[in-house]
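Colleague: My structure is stored as target03.txt, with compact mmCIF, C-alpha atoms and all ligand atoms.
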# COMPACT_ATOMS: atom_id res chain seq x y z
CA MET A 1 93.24 110.60 88.11
CA PHE A 2 95.30 107.48 87.63
CA PHE A 3 95.18 105.35 84.50
CA VAL A 4 96.64 101.89 84.11
CA ARG A 5 99.07 101.21 81.29
CA THR A 6 101.83 98.79 80.38
CA ALA A 7 105.13 99.76 82.01
CA SER A 8 108.16 100.82 79.98
CA GLU A 9 111.85 100.94 80.81
CA ARG A 10 111.55 104.67 81.54
CA ASP A 11 109.26 103.89 84.51
CA LEU A 12 111.60 101.52 86.31
CA VAL A 13 113.46 104.02 88.52
CA LYS A 14 110.10 105.26 89.85
CA VAL A 15 108.74 101.72 90.18
CA SER A 16 111.82 100.67 92.15
CA ALA A 17 111.35 103.64 94.54
CA LEU A 18 107.63 102.90 94.86
CA LEU A 19 108.34 99.29 95.76
CA GLY A 20 110.99 100.26 98.33
CA GLU A 21 108.66 102.72 100.07
CA THR A 22 105.60 100.47 99.91
CA TRP A 23 107.57 97.46 101.18
CA HIS A 24 108.89 99.36 104.18
CA ALA A 25 105.37 100.63 104.96
CA THR A 26 103.85 97.15 104.61
CA TYR A 27 106.49 94.80 106.03
CA ASP A 28 108.83 96.63 108.45
CA SER A 29 106.56 95.76 111.39
CA LEU A 30 106.58 92.09 110.33
CA TYR A 31 110.18 91.41 109.22
CA GLY A 32 112.16 94.41 110.51
CA ALA A 33 113.51 97.27 108.37
CA ASP A 34 116.90 95.60 107.74
CA LYS A 35 115.39 92.43 106.27
CA VAL A 36 113.00 94.51 104.15
CA ALA A 37 115.90 96.64 102.89
CA GLU A 38 117.85 93.47 101.98
CA LEU A 39 114.93 91.87 100.11
CA THR A 40 113.82 95.02 98.33
CA ALA A 41 117.38 95.76 97.17
CA LYS A 42 117.56 92.25 95.69
CA TRP A 43 114.09 91.94 94.16
CA HIS A 44 113.26 95.55 93.24
CA SER A 45 116.45 96.94 91.74
CA VAL A 46 116.11 98.43 88.25
CA PRO A 47 118.07 95.51 86.69
CA ALA A 48 115.79 92.97 88.45
CA LEU A 49 112.70 94.83 87.21
CA LYS A 50 114.15 95.04 83.69
CA ILE A 51 114.31 91.24 83.54
CA ARG A 52 110.62 91.05 84.48
CA LEU A 53 109.71 93.69 81.89
CA ALA A 54 111.41 91.65 79.15
CA ARG A 55 109.77 88.36 80.06
CA LYS A 56 107.40 86.77 77.55
CA ASN A 57 103.88 85.70 78.60
CA ALA A 58 103.92 88.35 81.27
CA GLU A 59 102.26 91.70 81.91
CA PHE A 60 103.82 94.57 83.86
CA VAL A 61 101.47 97.49 84.53
CA VAL A 62 101.75 100.82 86.29
CA ALA A 63 99.14 103.34 87.47
CA ASP A 64 100.16 106.78 86.18
CA ASN A 65 98.58 110.20 86.82
CA GLY A 66 100.96 112.10 84.54
CA LYS A 67 103.20 113.00 87.50
CA ASP A 68 103.46 110.05 89.85
CA ILE A 69 103.50 106.31 89.50
CA GLY A 70 100.93 105.36 92.14
CA GLY A 71 101.08 101.60 91.81
CA MET A 72 102.52 98.65 89.93
CA GLY A 73 101.45 95.11 89.15
CA TYR A 74 103.18 92.16 87.54
CA ALA A 75 101.72 88.81 86.51
CA ALA A 76 103.01 86.01 84.28
CA MET A 77 102.07 82.58 83.01
CA SER A 78 103.40 80.03 85.47
CA GLU A 79 106.45 78.00 84.47
CA THR A 80 105.34 75.09 86.65
CA LEU A 81 101.54 75.17 86.85
CA LYS A 82 99.73 74.01 83.74
CA LYS A 83 97.29 76.66 82.46
CA GLY A 84 98.00 78.82 85.48
CA ALA A 85 99.00 82.47 85.76
CA VAL A 86 100.76 83.93 88.80
CA LEU A 87 100.19 87.37 90.25
CA HIS A 88 103.72 88.11 91.43
CA GLN A 89 103.34 91.72 92.56
CA LEU A 90 100.54 94.20 93.25
CA TYR A 91 101.63 97.34 95.09
CA VAL A 92 99.96 100.69 95.58
CA HIS A 93 101.91 103.46 97.31
CA PRO A 94 100.53 104.13 100.84
CA ARG A 95 99.57 107.68 99.79
CA PHE A 96 97.25 106.29 97.11
CA GLN A 97 95.82 103.16 98.70
CA ARG A 98 92.07 102.53 98.94
CA GLN A 99 91.30 104.74 95.93
CA GLY A 100 90.60 101.95 93.46
CA ILE A 101 94.10 101.73 91.93
CA GLY A 102 94.67 98.14 93.06
CA ARG A 103 91.28 97.16 91.68
CA ASP A 104 91.99 98.84 88.31
CA MET A 105 95.43 97.24 87.95
CA PHE A 106 94.11 93.81 88.89
CA ALA A 107 91.20 94.18 86.42
CA GLU A 108 93.78 94.70 83.67
CA LEU A 109 96.08 91.88 84.78
CA GLU A 110 93.37 89.23 85.04
CA THR A 111 92.38 89.72 81.39
CA CYS A 112 95.92 89.30 80.00
CA PHE A 113 96.15 85.51 80.06
CA PRO A 114 93.55 83.91 77.77
CA ASP A 115 95.30 80.52 78.08
CA ALA A 116 95.16 80.51 81.88
CA GLU A 117 92.30 78.78 83.69
CA PHE A 118 93.29 80.17 87.08
CA MET A 119 95.50 82.76 88.76
CA GLN A 120 97.55 82.09 91.90
CA LEU A 121 99.37 84.36 94.33
CA GLU A 122 101.26 84.26 97.61
CA VAL A 123 100.47 86.66 100.42
CA GLU A 124 101.96 87.20 103.88
CA PRO A 125 99.57 85.56 106.40
CA GLN A 126 99.51 88.72 108.57
CA ASN A 127 98.86 91.08 105.65
CA HIS A 128 95.15 91.31 106.41
CA PRO A 129 94.40 94.31 104.14
CA ALA A 130 95.86 92.50 101.12
CA ILE A 131 94.04 89.26 102.01
CA SER A 132 90.78 91.26 102.25
CA PHE A 133 91.52 92.82 98.87
CA TYR A 134 92.14 89.42 97.25
CA GLU A 135 89.05 87.86 98.86
CA ALA A 136 87.01 90.80 97.54
CA HIS A 137 88.37 89.93 94.08
CA GLY A 138 87.45 86.24 94.12
CA PHE A 139 90.59 84.55 95.50
CA VAL A 140 90.37 81.75 98.06
CA LYS A 141 93.11 80.19 100.17
CA ILE A 142 94.32 76.85 98.76
CA GLY A 143 97.52 76.25 100.76
CA GLU A 144 100.63 77.61 102.47
CA THR A 145 104.38 77.87 101.85
CA THR A 146 107.36 78.68 104.08
CA ASN A 147 109.45 80.24 101.29
CA CYS A 148 107.58 83.04 99.59
CA GLY A 149 109.10 84.48 96.43
CA ASP A 150 112.19 82.34 96.02
CA GLY A 151 113.71 79.07 97.17
CA GLN A 152 115.14 80.20 100.52
CA SER A 153 113.50 83.48 101.51
CA GLY A 154 112.28 81.96 104.81
CA ILE A 155 109.14 84.10 104.47
CA PRO A 156 105.84 82.31 105.12
CA ALA A 157 102.91 82.88 102.77
CA ILE A 158 99.35 81.86 102.13
CA ILE A 159 98.68 80.59 98.62
CA MET A 160 95.44 81.90 97.09
CA GLU A 161 93.77 81.08 93.78
CA LYS A 162 91.05 82.48 91.56
CA PRO A 163 89.43 80.72 88.60
CA LEU A 164 89.64 82.74 85.36
CA GLY A 165 87.37 82.88 82.36
C1 LIG B 1 96.47 95.51 98.74
C2 LIG B 1 96.51 96.66 97.72
C3 LIG B 1 97.20 96.22 96.45
C4 LIG B 1 95.05 97.05 97.39
O1 LIG B 1 95.07 98.15 96.49
P1 LIG B 1 94.21 99.46 96.81
O2 LIG B 1 94.33 100.38 95.64
O3 LIG B 1 94.65 100.01 98.14
O4 LIG B 1 92.74 98.87 96.96
P2 LIG B 1 91.39 99.32 96.22
O5 LIG B 1 91.10 100.75 96.57
O6 LIG B 1 91.45 99.00 94.78
O7 LIG B 1 90.34 98.36 96.98
C5 LIG B 1 89.39 97.55 96.32
C6 LIG B 1 88.66 96.70 97.35
O8 LIG B 1 89.56 95.78 98.00
C7 LIG B 1 89.21 95.66 99.41
N1 LIG B 1 90.27 96.29 100.23
C8 LIG B 1 91.31 97.05 99.80
N2 LIG B 1 92.07 97.45 100.83
C9 LIG B 1 91.51 96.95 101.95
C10 LIG B 1 91.83 97.05 103.32
N3 LIG B 1 92.88 97.75 103.77
N4 LIG B 1 91.03 96.41 104.20
C11 LIG B 1 89.95 95.72 103.79
N5 LIG B 1 89.57 95.61 102.47
C12 LIG B 1 90.36 96.20 101.58
C13 LIG B 1 87.89 96.43 99.57
O9 LIG B 1 86.85 95.52 99.25
C14 LIG B 1 88.03 97.49 98.47
O10 LIG B 1 86.81 98.02 98.04
P3 LIG B 1 86.18 99.30 98.80
O11 LIG B 1 87.27 100.32 98.96
O12 LIG B 1 85.06 99.73 97.88
O13 LIG B 1 85.69 98.76 100.13
C15 LIG B 1 97.21 97.92 98.32
O14 LIG B 1 96.52 98.37 99.45
C16 LIG B 1 98.66 97.71 98.65
O15 LIG B 1 99.52 97.90 97.80
N6 LIG B 1 98.96 97.36 99.93
C17 LIG B 1 100.33 97.27 100.41
C18 LIG B 1 101.15 96.28 99.65
C19 LIG B 1 100.55 94.90 99.63
O16 LIG B 1 100.22 94.36 100.65
N7 LIG B 1 100.44 94.37 98.41
C20 LIG B 1 99.99 93.02 98.21
C21 LIG B 1 101.16 92.10 98.40
S1 LIG B 1 100.72 90.40 98.25
Now, as a test, write the supplied structure out as structure tokens.

Modeller:
Amino acid sequence: MFFVRTASERDLVKVSALLGETWHATYDSLYGADKVAELTAKWHSVPALKIRLARKNAEFVVADNGKDIGGMGYAAMSETLKKGAVLHQLYVHPRFQRQGIGRDMFAELETCFPDAEFMQLEVEPQNHPAISFYEAHGFVKIGETTNCGDGQSGIPAIIMEKPLG
């Protein structure tokens, strides 16, 4: 039985491994394993995760069953969108998908930003399971970008939004 709690520094080695494995399972067929390895090494290293954990106006959660970390989620108030929060990451290990962990982590994350009137996210256009998950949770497509995640990733994404409150 997994429960959702705020992440701590002690979790980050496991979270980094979870992200590496889940990214390869999700994106190797889309971007190739080498590109995934490059991006995950840059974005999901323990030092990169530590910076996210320390950020103010942000919430970093994990799903824990006492033995494994089955999923992670990270959302923060936007630095550019007024009264907007951004769901930056929501990942459930392939072994534990479709068991309600994503739903439980998202339920926690969407209540963490009382000042936000909406939440936005970016999702790979071919990631149909994730798009179905987000649609099931009230998100609708509002636009597109060609550089998901950072200024020059070259990764296309759909932008989705959900009103909060
Ligand atoms: C997308 C993801 C976060 C969903 O988490 P999850 O724990 O697997 O999903 P849940 O069990 O909480 O699903 C809740 C609901 O979302 C929808 N859903 C989830 N996965 C789905 C899928 N593969 N296909 C269609 N609908 C799906 C369903 O409505 C589901 O309810 P149901 O199981 O009662 O039908 C998870 O599958 C994941 O990490 N995928 C790989 C990484 C990824 O793509 N992350 C998002 C990056 S933007």

Colleague: Given a cut-off of 7 Å, what residues near ligand LIG 1 (chain B) show up using all atoms listed in the file, put as a list in words?

Modeller: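 Residues lying within 7 Å of ligand LIG 1 (chain B): Thr22, Trp23, Thr26, Gln89, Leu90, Tyr91, Val92, His93, Pro94, Phe96, Gln97, Arg98, Gln99, Gly100, Ile101, Gly102, Arg103, Asp104, Glu122, Val123, Glu124, Asn127, His128, Pro129, Ala130, Ser132, Phe133, Tyr134 and Ala136 of chain A.
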
Colleague: Of the candidates A:Met77, A:Met160, A:Val4, A:Val62, which one gets nearest to His137 (chain A) if we count all atoms listed in the file?

Modeller: A:Met160

Colleague: For CA of Gly149 (chain A) and CA of Val36 (chain A), quote the distance in Å rounded to one decimal.

Modeller: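 Atom-to-atom, CA of Gly149 (chain A) to CA of Val36 (chain A), that is 13.2 Å.
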
Colleague: Where does region 74-164 of chain A meet region 52-60 of chain A within 9 Å, residue by residue, with the nearest atom pair and distance in Å to one decimal for each, counting all atoms listed in the file, listed by chain and rising number, as a tab-separated table?

Modeller:
residue	atom	partner	partner_atom	distance
A:Tyr74	CA	A:Phe60	CA	4.4
A:Ala75	CA	A:Glu59	CA	5.5
A:Ala76	CA	A:Ala58	CA	3.9
A:Met77	CA	A:Asn57	CA	5.7
A:Ser78	CA	A:Asn57	CA	8.9
A:Ala85	CA	A:Ala58	CA	8.9
A:Leu109	CA	A:Glu59	CA	6.8
A:Cys112	CA	A:Glu59	CA	7.0
A:Phe113	CA	A:Asn57	CA	7.9

Colleague: How many Å lie between CA of Asp11 (chain A) and CA of Lys50 (chain A), rounded to one decimal?

Modeller: 10.1 Å

Colleague: Counting all atoms listed in the file, which residue out of A:Val140, A:Thr40, A:Arg5, A:Glu161 sits closest to Glu21 (chain A)?

Modeller: A:Thr40

Colleague: In Å, rounded to a single decimal, give me how far CA of Ile51 (chain A) is from CA of Gly151 (chain A).

Modeller: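 Straight-line distance from CA of Gly151 (chain A) to CA of Ile51 (chain A) works out to 18.3 Å.
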
Colleague: Compare A:Met119, A:Leu39, A:Ala157, A:Leu12 by their minimum atom-to-atom distance to Leu81 (chain A), counting all atoms listed in the file, and give me the closest one.

Modeller: A:Met119

Colleague: Considering only C-alpha atoms, state which residue in the set A:Phe2, A:Ser153, A:Ile142, A:Gly165 is at the smallest distance from Pro114 (chain A).

Modeller: A:Gly165

Colleague: Looking at A:Ala33, A:Val61, A:Val13, A:Leu164, which one is nearest to Lys83 (chain A), with distances taken over all atoms listed in the file?

Modeller: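 Closest to Lys83 (chain A), using all atoms listed in the file: A:Leu164.
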
Colleague: Report the centre and edge lengths, in Å to one decimal, of an axis-aligned box enclosing every atom of region 95-108 of chain A listed in the file, padded by 5 Å on each side, as lines of an AutoDock Vina configuration file.

Modeller:
center_x = 95.1
center_y = 100.7
center_z = 91.7
size_x = 19.0
size_y = 23.9
size_z = 26.1
